[in-house]
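Q: Got protein01.txt for you, compact mmCIF, C-alpha atoms:
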# COMPACT_ATOMS: atom_id res chain seq x y z
CA MET I 23 -8.99 -8.03 -14.05
CA GLU I 24 -10.37 -10.19 -11.24
CA ARG I 25 -12.85 -8.31 -9.05
CA SER I 26 -11.70 -6.93 -5.71
CA TYR I 27 -13.45 -7.40 -2.38
CA VAL I 28 -11.51 -4.57 -0.68
CA ILE I 29 -12.99 -1.14 0.11
CA LYS I 30 -10.34 1.19 -1.26
CA PRO I 31 -10.08 4.99 -0.83
CA GLU I 32 -11.77 5.57 -4.19
CA LEU I 33 -14.36 2.97 -5.11
CA GLY I 34 -14.08 1.95 -8.73
CA LYS I 35 -10.50 3.12 -9.12
CA THR I 36 -7.84 0.60 -10.13
CA TYR I 37 -4.70 0.83 -7.99
CA PRO I 38 -1.29 -0.57 -8.91
CA VAL I 39 -0.28 -3.49 -6.70
CA ILE I 40 2.79 -2.96 -4.54
CA SER I 41 5.57 -5.51 -4.89
CA HIS I 42 8.38 -4.36 -2.63
CA GLY I 43 10.37 -1.39 -1.38
CA LYS I 44 13.96 -0.55 -0.59
CA GLY I 45 15.28 2.67 0.92
CA ILE I 46 13.31 5.62 -0.47
CA TYR I 47 11.96 3.56 -3.40
CA LEU I 48 8.79 1.53 -3.93
CA TYR I 49 8.11 -0.90 -6.79
CA ASP I 50 4.79 -2.12 -8.13
CA LYS I 51 4.13 -5.53 -9.63
CA GLU I 52 4.66 -4.14 -13.11
CA GLY I 53 8.19 -3.20 -12.14
CA LYS I 54 7.62 0.56 -12.05
CA GLN I 55 9.79 2.48 -9.56
CA TYR I 56 8.45 5.29 -7.37
CA ILE I 57 10.29 7.70 -5.09
CA ASP I 58 8.43 7.71 -1.78
CA GLY I 59 8.47 11.50 -1.53
CA CYS I 60 5.98 11.60 1.35
CA SER I 61 6.88 8.45 3.30
CA GLY I 62 3.44 7.11 2.41
CA ALA I 63 1.32 9.06 4.89
CA VAL I 64 4.39 10.79 6.41
CA THR I 65 5.10 7.44 8.04
CA ALA I 66 8.03 5.55 6.47
CA LEU I 67 10.53 7.57 8.49
CA ILE I 68 13.62 5.44 7.91
CA GLY I 69 12.80 4.03 4.48
CA HIS I 70 11.76 0.56 3.40
CA ALA I 71 13.20 -2.91 4.07
CA VAL I 72 15.72 -1.90 6.75
CA ASP I 73 17.44 -5.13 7.82
CA GLU I 74 17.76 -4.18 11.51
CA VAL I 75 14.02 -3.66 11.83
CA VAL I 76 13.14 -6.81 9.91
CA ASP I 77 15.51 -8.81 12.12
CA ALA I 78 13.97 -7.36 15.30
CA MET I 79 10.51 -8.22 13.99
CA TYR I 80 11.54 -11.82 13.34
CA GLU I 81 13.33 -12.29 16.66
CA GLN I 82 10.35 -10.97 18.65
CA ALA I 83 7.89 -13.10 16.68
CA LYS I 84 9.92 -16.22 17.51
CA SER I 85 9.36 -15.64 21.25
CA ILE I 86 6.00 -13.84 21.66
CA SER I 87 4.04 -11.47 19.43
CA PHE I 88 0.96 -10.81 21.54
CA ALA I 89 0.34 -10.66 25.26
CA TYR I 90 -2.59 -8.68 26.65
CA ARG I 91 -1.53 -5.60 28.61
CA SER I 92 -3.82 -6.47 31.55
CA HIS I 93 -1.96 -9.76 31.98
CA PHE I 94 1.68 -9.07 31.18
CA SER I 95 4.31 -6.46 30.43
CA SER I 96 7.28 -7.39 28.24
CA ASP I 97 10.95 -6.53 27.88
CA ALA I 98 10.25 -4.86 24.53
CA VAL I 99 7.52 -2.63 25.99
CA GLU I 100 9.59 -1.66 29.04
CA GLN I 101 12.65 -0.83 26.91
CA LEU I 102 10.57 1.23 24.48
CA GLY I 103 8.99 3.16 27.34
CA LYS I 104 12.44 3.93 28.74
CA LYS I 105 13.69 5.03 25.31
CA LEU I 106 10.76 7.41 24.82
CA ALA I 107 11.35 8.92 28.28
CA GLU I 108 14.94 9.62 27.18
CA TRP I 109 13.73 11.29 23.98
CA ALA I 110 10.89 13.35 25.44
CA PRO I 111 11.51 16.75 27.09
CA GLY I 112 10.87 17.70 30.71
CA SER I 113 9.08 15.15 32.90
CA LEU I 114 7.26 13.48 30.00
CA ASN I 115 8.32 10.06 31.25
CA TRP I 116 5.19 7.90 31.09
CA THR I 117 3.84 6.29 27.93
CA PHE I 118 0.45 4.79 27.11
CA PHE I 119 0.75 2.64 23.96
CA VAL I 120 -1.98 2.40 21.32
CA SER I 121 -2.12 1.44 17.63
CA SER I 122 -2.85 4.65 15.70
CA GLY I 123 -2.47 8.41 15.89
CA SER I 124 -6.23 8.85 16.21
CA GLU I 125 -6.20 6.58 19.27
CA ALA I 126 -3.25 8.50 20.69
CA THR I 127 -4.94 11.91 20.50
CA GLU I 128 -8.23 10.51 21.80
CA THR I 129 -6.36 8.91 24.70
CA ALA I 130 -4.76 12.29 25.48
CA GLN I 131 -8.23 13.84 25.45
CA LYS I 132 -9.47 11.26 27.96
CA ILE I 133 -6.41 11.56 30.21
CA ALA I 134 -6.80 15.35 30.28
CA ILE I 135 -10.42 15.10 31.42
CA GLN I 136 -9.65 12.33 33.92
CA TYR I 137 -6.74 14.35 35.37
CA TRP I 138 -9.12 17.11 36.42
CA GLN I 139 -11.79 14.65 37.61
CA GLU I 140 -9.25 12.95 39.88
CA GLN I 141 -8.85 16.32 41.62
CA GLY I 142 -12.59 16.69 42.11
CA ASN I 143 -13.04 19.07 39.18
CA PHE I 144 -15.81 17.69 36.98
CA THR I 145 -16.48 20.79 34.88
CA LYS I 146 -13.10 20.97 33.10
CA ASN I 147 -14.00 18.68 30.21
CA ARG I 148 -13.76 20.82 27.09
CA ILE I 149 -10.82 20.61 24.67
CA ILE I 150 -9.94 23.72 22.68
CA SER I 151 -8.36 23.17 19.28
CA ARG I 152 -7.64 25.16 16.13
CA TRP I 153 -9.31 25.46 12.79
CA MET I 154 -6.87 24.25 10.12
CA SER I 155 -5.84 21.20 12.14
CA TYR I 156 -6.17 17.44 12.00
CA HIS I 157 -5.96 15.13 15.00
CA GLY I 158 -7.51 11.90 13.71
CA ILE I 159 -10.57 10.23 12.24
CA THR I 160 -12.29 8.63 15.26
CA MET I 161 -15.17 10.68 16.67
CA GLY I 162 -13.26 12.08 19.64
CA ALA I 163 -10.19 12.88 17.55
CA LEU I 164 -12.29 14.31 14.73
CA SER I 165 -14.13 16.52 17.24
CA MET I 166 -10.78 18.07 18.10
CA SER I 167 -9.89 18.50 14.41
CA GLY I 168 -10.57 21.66 12.44
CA HIS I 169 -10.33 19.83 9.11
CA VAL I 170 -13.57 21.07 7.56
CA LEU I 171 -13.62 18.53 4.71
CA ARG I 172 -13.23 15.55 7.03
CA ARG I 173 -15.69 16.92 9.61
CA LYS I 174 -18.61 17.91 7.44
CA ARG I 175 -20.36 14.53 7.04
CA PHE I 176 -20.34 13.98 10.80
CA VAL I 177 -20.87 17.45 12.30
CA PRO I 178 -24.09 16.46 14.16
CA LEU I 179 -22.12 13.76 16.01
CA LEU I 180 -19.07 15.88 16.86
CA GLU I 181 -18.21 18.10 19.81
CA ASP I 182 -17.78 21.77 18.91
CA TYR I 183 -14.11 21.97 19.84
CA PRO I 184 -12.23 23.97 17.17
CA ALA I 185 -12.28 27.58 18.32
CA ILE I 186 -9.20 29.53 17.27
CA THR I 187 -7.21 30.30 14.13
CA GLY I 188 -3.95 28.51 13.49
CA PRO I 189 -0.97 30.70 12.54
CA TYR I 190 -0.54 30.89 8.75
CA PRO I 191 2.50 33.11 8.05
CA TYR I 192 2.04 33.02 4.26
CA ARG I 193 -1.39 34.62 4.69
CA LYS I 194 -0.77 36.91 7.65
CA PRO I 195 -2.33 40.40 7.53
CA GLU I 196 -0.29 43.13 5.89
CA GLY I 197 1.51 45.64 8.06
CA ILE I 198 2.41 43.51 11.08
CA SER I 199 5.62 41.63 11.83
CA GLN I 200 5.82 37.85 12.19
CA GLU I 201 6.33 38.29 15.94
CA GLU I 202 3.24 40.49 16.26
CA TYR I 203 1.28 37.99 14.20
CA ALA I 204 2.45 35.18 16.49
CA MET I 205 1.10 37.03 19.53
CA GLN I 206 -2.15 37.85 17.75
CA CYS I 207 -2.77 34.19 16.90
CA ALA I 208 -1.69 32.85 20.29
CA ASN I 209 -3.79 35.39 22.19
CA GLU I 210 -6.89 33.97 20.49
CA LEU I 211 -6.46 31.05 22.88
CA GLU I 212 -6.80 33.33 25.90
CA THR I 213 -9.92 34.87 24.41
CA ALA I 214 -11.43 31.44 23.74
CA ILE I 215 -10.65 30.23 27.27
CA LEU I 216 -12.24 33.32 28.80
CA ARG I 217 -15.33 33.02 26.60
CA VAL I 218 -15.90 29.40 27.58
CA GLY I 219 -14.68 29.87 31.15
CA PRO I 220 -11.34 28.48 32.42
CA GLU I 221 -13.31 26.22 34.76
CA GLN I 222 -14.70 24.42 31.68
CA VAL I 223 -11.45 23.91 29.72
CA ALA I 224 -9.38 20.77 30.26
CA ALA I 225 -6.78 21.12 27.51
CA PHE I 226 -5.60 22.76 24.32
CA ILE I 227 -4.30 20.60 21.47
CA ALA I 228 -2.15 21.71 18.52
CA GLU I 229 0.22 20.34 15.90
CA PRO I 230 3.68 21.98 16.15
CA VAL I 231 3.73 22.13 12.33
CA ILE I 232 0.32 22.03 10.67
CA GLY I 233 0.13 19.00 8.41
CA ALA I 234 -2.81 17.50 6.55
CA THR I 235 -4.94 20.63 6.35
CA ALA I 236 -2.41 23.11 5.02
CA GLY I 237 0.87 21.47 4.08
CA ALA I 238 3.68 21.97 6.60
CA VAL I 239 2.77 25.40 8.00
CA VAL I 240 5.43 26.49 10.51
CA PRO I 241 4.35 28.94 13.24
CA PRO I 242 6.12 32.29 13.59
CA PRO I 243 8.69 32.80 16.39
CA GLY I 244 7.21 33.13 19.88
CA TYR I 245 3.88 31.48 19.12
CA PHE I 246 4.25 28.33 21.20
CA GLN I 247 6.02 30.12 24.04
CA ARG I 248 2.95 32.34 24.39
CA ILE I 249 0.61 29.32 24.10
CA ARG I 250 2.44 27.69 27.01
CA GLU I 251 2.11 30.88 29.10
CA ILE I 252 -1.64 31.06 28.49
CA CYS I 253 -2.17 27.39 29.33
CA ASP I 254 -0.25 27.83 32.59
CA LYS I 255 -2.17 31.01 33.48
CA TYR I 256 -5.58 29.31 33.22
CA ASN I 257 -4.70 25.77 34.39
CA VAL I 258 -5.20 24.28 30.95
CA LEU I 259 -3.15 21.27 29.83
CA PHE I 260 -1.20 21.61 26.57
CA ILE I 261 -1.26 18.57 24.27
CA ALA I 262 1.27 18.61 21.42
CA ASP I 263 0.06 16.41 18.57
CA GLU I 264 3.37 15.07 17.25
CA VAL I 265 1.89 12.14 15.30
CA MET I 266 3.26 13.66 12.09
CA THR I 267 6.07 15.86 13.47
CA GLY I 268 7.64 13.61 16.10
CA MET I 269 10.57 11.18 16.12
CA GLY I 270 13.00 13.46 14.29
CA ARG I 271 10.82 14.35 11.31
CA THR I 272 11.39 18.12 11.75
CA GLY I 273 15.10 17.94 12.56
CA LYS I 274 14.64 17.65 16.33
CA ALA I 275 13.30 14.77 18.41
CA PHE I 276 9.92 16.52 18.66
CA GLY I 277 8.52 19.52 16.84
CA VAL I 278 7.98 21.54 20.02
CA ASP I 279 11.71 21.23 20.79
CA HIS I 280 12.33 23.94 18.18
CA TRP I 281 10.72 26.45 20.54
CA GLY I 282 11.96 25.08 23.86
CA VAL I 283 8.41 24.39 25.01
CA VAL I 284 7.46 21.39 27.18
CA PRO I 285 3.85 20.21 26.76
CA ASP I 286 1.86 18.24 29.34
CA MET I 287 1.25 15.45 26.84
CA ILE I 288 2.73 14.46 23.49
CA THR I 289 0.98 12.17 21.04
CA ILE I 290 3.09 10.17 18.59
CA GLY I 291 2.54 7.61 15.83
CA LYS I 292 3.50 7.29 12.16
CA GLY I 293 7.31 7.60 12.34
CA MET I 294 7.38 5.92 15.75
CA SER I 295 7.25 2.56 13.99
CA ALA I 296 8.15 3.98 10.54
CA GLY I 297 5.34 1.97 8.96
CA TYR I 298 6.74 -1.44 9.95
CA THR I 299 3.86 -2.08 12.35
CA PRO I 300 0.78 -0.21 13.62
CA MET I 301 1.99 1.65 16.71
CA ALA I 302 1.33 4.97 18.44
CA ALA I 303 1.44 6.40 21.94
CA THR I 304 0.51 9.16 24.35
CA ILE I 305 3.41 10.43 26.47
CA VAL I 306 2.39 11.97 29.81
CA THR I 307 4.18 14.00 32.49
CA GLU I 308 5.10 12.77 35.96
CA GLU I 309 2.75 15.40 37.41
CA ILE I 310 -0.32 14.04 35.63
CA ILE I 311 0.45 10.41 36.47
CA GLU I 312 1.09 11.29 40.13
CA VAL I 313 -2.42 12.74 40.44
CA ILE I 314 -4.05 9.71 38.81
CA GLN I 315 -1.92 7.28 40.82
CA LYS I 316 -3.08 8.90 44.06
CA GLY I 317 -6.68 8.66 42.89
CA SER I 318 -8.13 5.83 40.84
CA ALA I 319 -4.66 4.53 39.87
CA SER I 320 -5.97 3.55 36.45
CA ILE I 321 -6.30 5.40 33.16
CA MET I 322 -9.67 4.73 31.57
CA ALA I 323 -8.47 3.85 28.08
CA GLY I 324 -7.10 0.86 26.27
CA HIS I 325 -7.26 -1.26 23.15
CA THR I 326 -6.70 -4.94 22.37
CA TYR I 327 -3.33 -4.35 20.74
CA SER I 328 -2.10 -1.71 23.20
CA ALA I 329 1.49 -2.38 24.26
CA ASN I 330 1.82 -5.64 22.32
CA PRO I 331 5.39 -6.98 22.40
CA GLN I 332 5.68 -7.34 18.61
CA SER I 333 4.97 -3.68 17.82
CA ALA I 334 7.08 -2.52 20.77
CA ALA I 335 10.12 -4.47 19.56
CA VAL I 336 9.73 -3.08 16.05
CA SER I 337 9.37 0.51 17.27
CA LEU I 338 12.38 0.14 19.55
CA ALA I 339 14.42 -1.07 16.57
CA VAL I 340 13.29 1.97 14.57
CA LEU I 341 14.36 4.40 17.32
CA ASN I 342 17.69 2.61 17.75
CA TYR I 343 18.26 2.86 13.99
CA ILE I 344 17.52 6.61 14.06
CA GLU I 345 20.05 7.10 16.87
CA LYS I 346 22.71 4.86 15.33
CA ASN I 347 22.57 6.65 11.98
CA ASN I 348 22.18 10.22 13.31
CA LEU I 349 18.99 10.62 11.32
CA ILE I 350 17.67 13.55 13.35
CA GLU I 351 20.73 15.58 12.45
CA LYS I 352 20.43 14.42 8.83
CA SER I 353 16.77 15.45 8.83
CA ALA I 354 17.76 18.97 9.82
CA GLU I 355 20.61 19.20 7.29
CA ASN I 356 18.96 17.56 4.28
CA GLY I 357 15.59 19.07 5.18
CA ALA I 358 17.13 22.52 4.81
CA TYR I 359 18.43 21.45 1.40
CA LEU I 360 15.00 20.10 0.39
CA LEU I 361 13.34 23.37 1.42
CA GLN I 362 15.95 25.37 -0.50
CA ARG I 363 15.20 23.35 -3.65
CA LEU I 364 11.43 23.77 -3.12
CA GLN I 365 11.87 27.52 -2.67
CA GLY I 366 13.61 27.46 -6.04
CA LEU I 367 10.43 26.01 -7.54
CA ALA I 368 8.38 28.72 -5.82
CA ASP I 369 10.63 31.40 -7.34
CA GLU I 370 10.46 29.87 -10.81
CA LEU I 371 6.94 28.50 -11.28
CA PRO I 372 3.82 30.73 -11.46
CA LEU I 373 1.64 27.99 -9.94
CA VAL I 374 3.67 27.76 -6.71
CA GLY I 375 2.85 30.49 -4.22
CA ASP I 376 4.80 29.31 -1.19
CA ALA I 377 7.39 26.75 -0.11
CA ARG I 378 7.70 26.10 3.62
CA GLY I 379 8.62 23.50 6.16
CA LEU I 380 10.87 22.35 8.96
CA GLY I 381 13.35 19.50 8.68
CA MET I 382 12.07 16.73 6.45
CA LEU I 383 8.47 18.00 6.55
CA CYS I 384 7.94 20.50 3.74
CA GLY I 385 5.03 21.79 1.70
CA LEU I 386 4.13 23.69 -1.45
CA GLU I 387 1.03 25.83 -1.82
CA PHE I 388 -0.53 26.41 -5.25
CA VAL I 389 -2.23 29.70 -6.08
CA LYS I 390 -3.98 31.36 -9.02
CA ASN I 391 -2.02 34.59 -8.64
CA LYS I 392 1.31 34.92 -6.82
CA GLN I 393 0.87 38.65 -6.19
CA THR I 394 -2.61 38.44 -4.65
CA LYS I 395 -2.18 34.87 -3.28
CA GLU I 396 -5.65 34.08 -4.59
CA PRO I 397 -6.33 30.37 -4.04
CA PHE I 398 -8.04 27.95 -6.38
CA ALA I 399 -11.51 26.65 -5.64
CA LEU I 400 -11.32 23.05 -4.47
CA SER I 401 -13.46 22.09 -7.45
CA GLU I 402 -10.43 22.71 -9.69
CA ASN I 403 -8.67 19.76 -8.00
CA VAL I 404 -5.27 21.39 -8.45
CA SER I 405 -3.49 19.41 -5.71
CA ALA I 406 -5.04 16.18 -6.96
CA LYS I 407 -3.83 16.92 -10.49
CA VAL I 408 -0.28 17.56 -9.32
CA ILE I 409 -0.32 14.40 -7.20
CA ALA I 410 -1.66 12.31 -10.10
CA LYS I 411 0.90 13.70 -12.54
CA ALA I 412 3.74 13.12 -10.07
CA PHE I 413 2.52 9.55 -9.46
CA GLU I 414 2.44 8.93 -13.19
CA LYS I 415 6.09 10.07 -13.36
CA GLY I 416 7.16 7.92 -10.41
CA LEU I 417 6.93 10.26 -7.38
CA LEU I 418 4.60 10.05 -4.38
CA VAL I 419 3.49 13.30 -2.68
CA TYR I 420 0.81 13.83 -0.01
CA PRO I 421 -2.33 16.00 -0.26
CA ALA I 422 -3.12 18.87 2.12
CA VAL I 423 -6.22 20.67 0.90
CA GLY I 424 -9.01 22.88 2.16
CA GLY I 425 -6.99 24.78 4.74
CA ILE I 426 -8.64 28.07 3.81
CA ASP I 427 -12.06 27.68 5.49
CA GLY I 428 -12.57 24.26 3.92
CA VAL I 429 -13.55 25.65 0.52
CA ALA I 430 -10.16 26.58 -0.91
CA GLY I 431 -6.46 25.95 -0.43
CA ASP I 432 -4.27 23.59 -2.44
CA SER I 433 -1.04 22.25 -0.97
CA VAL I 434 1.07 19.12 -1.09
CA ILE I 435 3.48 17.71 1.47
CA LEU I 436 7.00 16.53 0.68
CA ALA I 437 8.25 14.34 3.52
CA PRO I 438 10.62 11.65 2.24
CA PRO I 439 12.36 9.18 4.58
CA LEU I 440 15.09 10.77 6.71
CA THR I 441 17.58 8.54 4.93
CA ILE I 442 17.23 10.40 1.61
CA THR I 443 20.45 11.87 0.17
CA GLN I 444 20.87 15.26 -1.46
CA GLU I 445 21.37 13.55 -4.83
CA GLU I 446 18.07 11.76 -4.38
CA ILE I 447 16.45 15.06 -3.38
CA ASP I 448 17.65 16.51 -6.69
CA THR I 449 15.98 13.65 -8.56
CA LEU I 450 12.77 14.15 -6.55
CA ILE I 451 12.74 17.87 -7.36
CA GLY I 452 13.26 17.18 -11.06
CA ILE I 453 10.22 14.91 -11.23
CA LEU I 454 8.12 17.25 -9.09
CA LYS I 455 8.97 20.20 -11.33
CA GLU I 456 7.89 18.27 -14.44
CA ALA I 457 4.59 17.34 -12.78
CA ILE I 458 3.84 20.91 -11.68
CA GLU I 459 4.77 22.30 -15.09
CA ALA I 460 2.37 19.87 -16.79
CA VAL I 461 -0.52 20.94 -14.55
CA GLN I 462 0.50 24.59 -14.82
CA GLN I 463 0.33 24.39 -18.62
CA GLU I 464 -3.14 22.89 -18.45
CA LEU I 465 -4.33 25.66 -16.13
CA GLN I 466 -2.76 28.36 -18.30
CA GLN I 467 -4.61 27.03 -21.32
CA LYS I 468 -7.86 27.44 -19.33
CA ALA I 469 -6.74 30.94 -18.24
CA LEU I 470 -6.93 29.89 -14.58
CA ILE I 471 -3.53 31.29 -13.57
CA GLY I 472 -3.14 35.04 -13.16
As structure tokens, please, write out the structure in this file.
A:
Amino acid sequence: MERSYVIKPELGKTYPVISHGKGIYLYDKEGKQYIDGCSGAVTALIGHAVDEVVDAMYEQAKSISFAYRSHFSSDAVEQLGKKLAEWAPGSLNWTFFVSSGSEATETAQKIAIQYWQEQGNFTKNRIISRWMSYHGITMGALSMSGHVLRRKRFVPLLEDYPAITGPYPYRKPEGISQEEYAMQCANELETAILRVGPEQVAAFIAEPVIGATAGAVVPPPGYFQRIREICDKYNVLFIADEVMTGMGRTGKAFGVDHWGVVPDMITIGKGMSAGYTPMAATIVTEEIIEVIQKGSASIMAGHTYSANPQSAAVSLAVLNYIEKNNLIEKSAENGAYLLQRLQGLADELPLVGDARGLGMLCGLEFVKNKQTKEPFALSENVSAKVIAKAFEKGLLVYPAVGGIDGVAGDSVILAPPLTITQEEIDTLIGILKEAIEAVQQELQQKALIG
């Protein structure tokens, strides 16, 4: 094979070459078919090769693809901003466009700090976040992330932001109800704010459903309502990181909508453009923008490709397609069916300890012993083995490892396009079951499953 000049995720590994995709399927150049069971990186929200999006891409490219945001706005950008204001709850009406989820969360971080500075408060510059969280790979976003495995090489360069425990219902202490556990976890935020000093804390950031660190962990009832109360009590902004959960992925427009909570900022990406173009955004309330408008009247952030007309037109076409085809409602309905089928695997297979999720964002956790919930050491590479076996059989699933203190915890995410049918879900489950059974047999032979 001819040598490659591309730095790939694993140096030295040979990757199949993608040829094309259609709907929930991908095809490599050898003609092998794969079910995109995780939408790539939980991104291909509406499936592949959707004509309406391709047409919008072409039409925009014929007129103008790039215009710098300091020089021009565009019809596509203005229409997309209006559409997002219609989708977002409360007074979250203003959108700052960027190109990736990491940029979106880092922009939210900067806006939060600037918001307090514009009011003459220069000490509120700390962001509190949770362990077992992931907000992006740039230094500011990684500082807010509690993803131990992704942090550890860069700890000397990072801010010490993660401070509290994320809710993890599968591993809650014995003897307390889910509601009591929700309050226990949420109240950690109040403790952290008081320890640091409310006058130092600008914002709290959290994923509505925990993604890359733990595999679709859904908080118990009441958790986010209490988080909102605490943020209000201590004048702390609440940033909902919806890069993975937004745009209908969980069966509502945004993940926080499940709990009737309105954040001060929402970050989006991934499904916003459904993988057809790099696009992300930070959505901000009227109240925050009003303060900045009365002050400097400029948000200190921006990137070359921010608000480019090409990406805006593509993203607008994606959102229109979601609305036209009622994909948020389908995400809720078929997501419940997907979770039901995954719970069947958890009941049947010794390797699967838990099945969980919300809408079309679900996860499986693998354990040594279902009774004790003892996790595997990361060195056993259990998630990686399941992913590799599924890939071999024509199914893509997404890793979520190290959620238990960064040294243990094996999960995978199932997040197919919202367009998947129940028949296709059945096919997905069949392949997934075969992959898990193959790894399970290997582990049983090594006496690694209790």
Q: Could you give me, as a PyMOL selection string, the residues within 10 Å of segment 331-340 of chain I, counting all atoms listed in the file and dropping anything in the same chain fewer than 4 positions from it?
A: chain I and resi 67-68+72+74-91+94-106+119-121+269+291+293-302+327+344-346
Q: Residues of segment 173-267 of chain I that approach segment 154-164 of chain I to 7 Å or less, counting only C-alpha atoms: could you list each one with the shortest pair of atoms and its distance in Å to one decimal, rows by chain and increasing residue number, as a Markdown table?
A:
| residue | atom | partner | partner_atom | distance |
| --- | --- | --- | --- | --- |
| I:Arg173 | CA | I:Leu164 | CA | 6.7 |
| I:Leu180 | CA | I:Met161 | CA | 6.5 |
| I:Gly188 | CA | I:Met154 | CA | 6.2 |
| I:Ile232 | CA | I:Ser155 | CA | 6.4 |
| I:Ala234 | CA | I:Tyr156 | CA | 6.4 |
| I:Thr235 | CA | I:Met154 | CA | 5.6 |
| I:Ala236 | CA | I:Met154 | CA | 6.9 |
Q: Rank I:Gly197, I:Gly452, I:Pro397, I:Pro438 by their smallest atom-to-atom distance to Gly69 of chain I, using all atoms listed in the file, and report the top residue only.
A: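 Looking at the shortest contact to Gly69 of chain I, the residue is I:Pro438.
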Q: With distances taken over all atoms listed in the file, which of I:Phe226, I:Tyr343, I:Tyr245, I:Phe176 is nearest to Pro189 of chain I?
A: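 Nearest to Pro189 of chain I: I:Tyr245.
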Q: Every residue with an atom at most 12 Å from (-7.3, 30.0, -6.9) (file coordinates; only C-alpha atoms) is what I'm after, so could you write them as a PyMOL selection string?
A: chain I and resi 373-375+387-405+424+426+429-433+465+469-472
Q: Work out how far apart atom CA of Ala224 of chain I and atom CA of Ala130 of chain I are and give it in Å to one decimal.
A: 10.8 Å
Q: Would you work out the distance separating atom CA of Ala319 of chain I from atom CA of Glu108 of chain I, expressed in Å to one decimal?
A: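 Separation of atom CA of Ala319 of chain I and atom CA of Glu108 of chain I: 23.9 Å.
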Q: One number please: atom CA of Ser151 of chain I to atom CA of Ile227 of chain I, in Å, one decimal.
A: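 We find that atom CA of Ser151 of chain I and atom CA of Ile227 of chain I lie 5.3 Å from each other.
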Q: List the spatial neighbours of Asp50 of chain I as a list in words - criterion: any atom at most 10 Å away, all atoms listed in the file, same-chain residues fewer than 6 positions off excluded.
A: Tyr37, Pro38, Val39, Ile40, Ser41, His42, Gly43 and Tyr56 of chain I
Q: Looking at all atoms listed in the file, which of I:Thr213, I:Thr145, I:Thr267, I:Thr289 is the one that sits closest to Leu114 of chain I?
A: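 Nearest candidate to Leu114 of chain I out of I:Thr213, I:Thr145, I:Thr267, I:Thr289: I:Thr289.
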Q: Nearest to Thr187 of chain I among I:Asp376, I:Glu32, I:Glu210, I:Glu459, with distances taken over only C-alpha atoms: which residue is it?
A: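 Of all the options, I:Glu210 lies closest to Thr187 of chain I.
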Q: Draw an axis-aligned box tight on the listed atoms of segment 125-144 of chain I, then pad every side by 5 Å and write out centre and edge lengths in Å to one decimal as AutoDock Vina command-line options.
A:
--center_x -9.5 --center_y 12.8 --center_z 30.7 --size_x 22.6 --size_y 22.5 --size_z 32.8
Q: Kindly indicate which residue among I:Lys255, I:Ile458, I:Gly277, I:Gly379 lies nearest to Pro191 of chain I, using all atoms listed in the file for the distances.
A: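 So, comparing all the options, the nearest one is I:Gly379.
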Q: Compile the contact shell of Tyr137 of chain I as an mmCIF file with C-alpha atoms, keeping the file's coordinate frame: residues with an atom at most 9 Å away, counting all atoms listed in the file, same-chain residues fewer than 5 positions apart removed.
A:
data_model
loop_
_atom_site.group_PDB
_atom_site.id
_atom_site.type_symbol
_atom_site.label_atom_id
_atom_site.label_comp_id
_atom_site.auth_asym_id
_atom_site.auth_seq_id
_atom_site.Cartn_x
_atom_site.Cartn_y
_atom_site.Cartn_z
ATOM 1 C CA LYS I 132 -9.470 11.260 27.960
ATOM 2 C CA ASN I 143 -13.040 19.070 39.180
ATOM 3 C CA ALA I 224 -9.380 20.770 30.260
ATOM 4 C CA ILE I 310 -0.320 14.040 35.630
ATOM 5 C CA ILE I 311 0.450 10.410 36.470
ATOM 6 C CA VAL I 313 -2.420 12.740 40.440
ATOM 7 C CA ILE I 314 -4.050 9.710 38.810
#
Q: Given all atoms listed in the file as the basis, pick out the residue of I:Ala422, I:Leu436, I:Ala460, I:Ile198 nearest to His169 of chain I.
A: I:Ala422
Q: Might you pull out every residue within 9 Å of Phe246 of chain I, with only C-alpha atoms counted and same-chain residues fewer than 4 positions away left off, and present them as a list in words?
A: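 Those residues are Ala204, Ala208, Pro230, Pro241, Pro242, Arg250, Glu251, Val278, Trp281, Gly282 and Val283 of chain I.
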Q: I want to know what sits within 8 Å of Asn356 of chain I, based on only C-alpha atoms, with residues of the same chain fewer than 4 positions away left out; could you give that as a PDB file with C-alpha atoms, in the frame of the given file?
A:
ATOM      1  CA  LYS I 352      20.430  14.420   8.830  1.00  0.00           C
ATOM      2  CA  LEU I 360      15.000  20.100   0.390  1.00  0.00           C
ATOM      3  CA  GLY I 381      13.350  19.500   8.680  1.00  0.00           C
ATOM      4  CA  MET I 382      12.070  16.730   6.450  1.00  0.00           C
ATOM      5  CA  ILE I 442      17.230  10.400   1.610  1.00  0.00           C
ATOM      6  CA  THR I 443      20.450  11.870   0.170  1.00  0.00           C
ATOM      7  CA  GLN I 444      20.870  15.260  -1.460  1.00  0.00           C
TER       8      GLN I 444
END
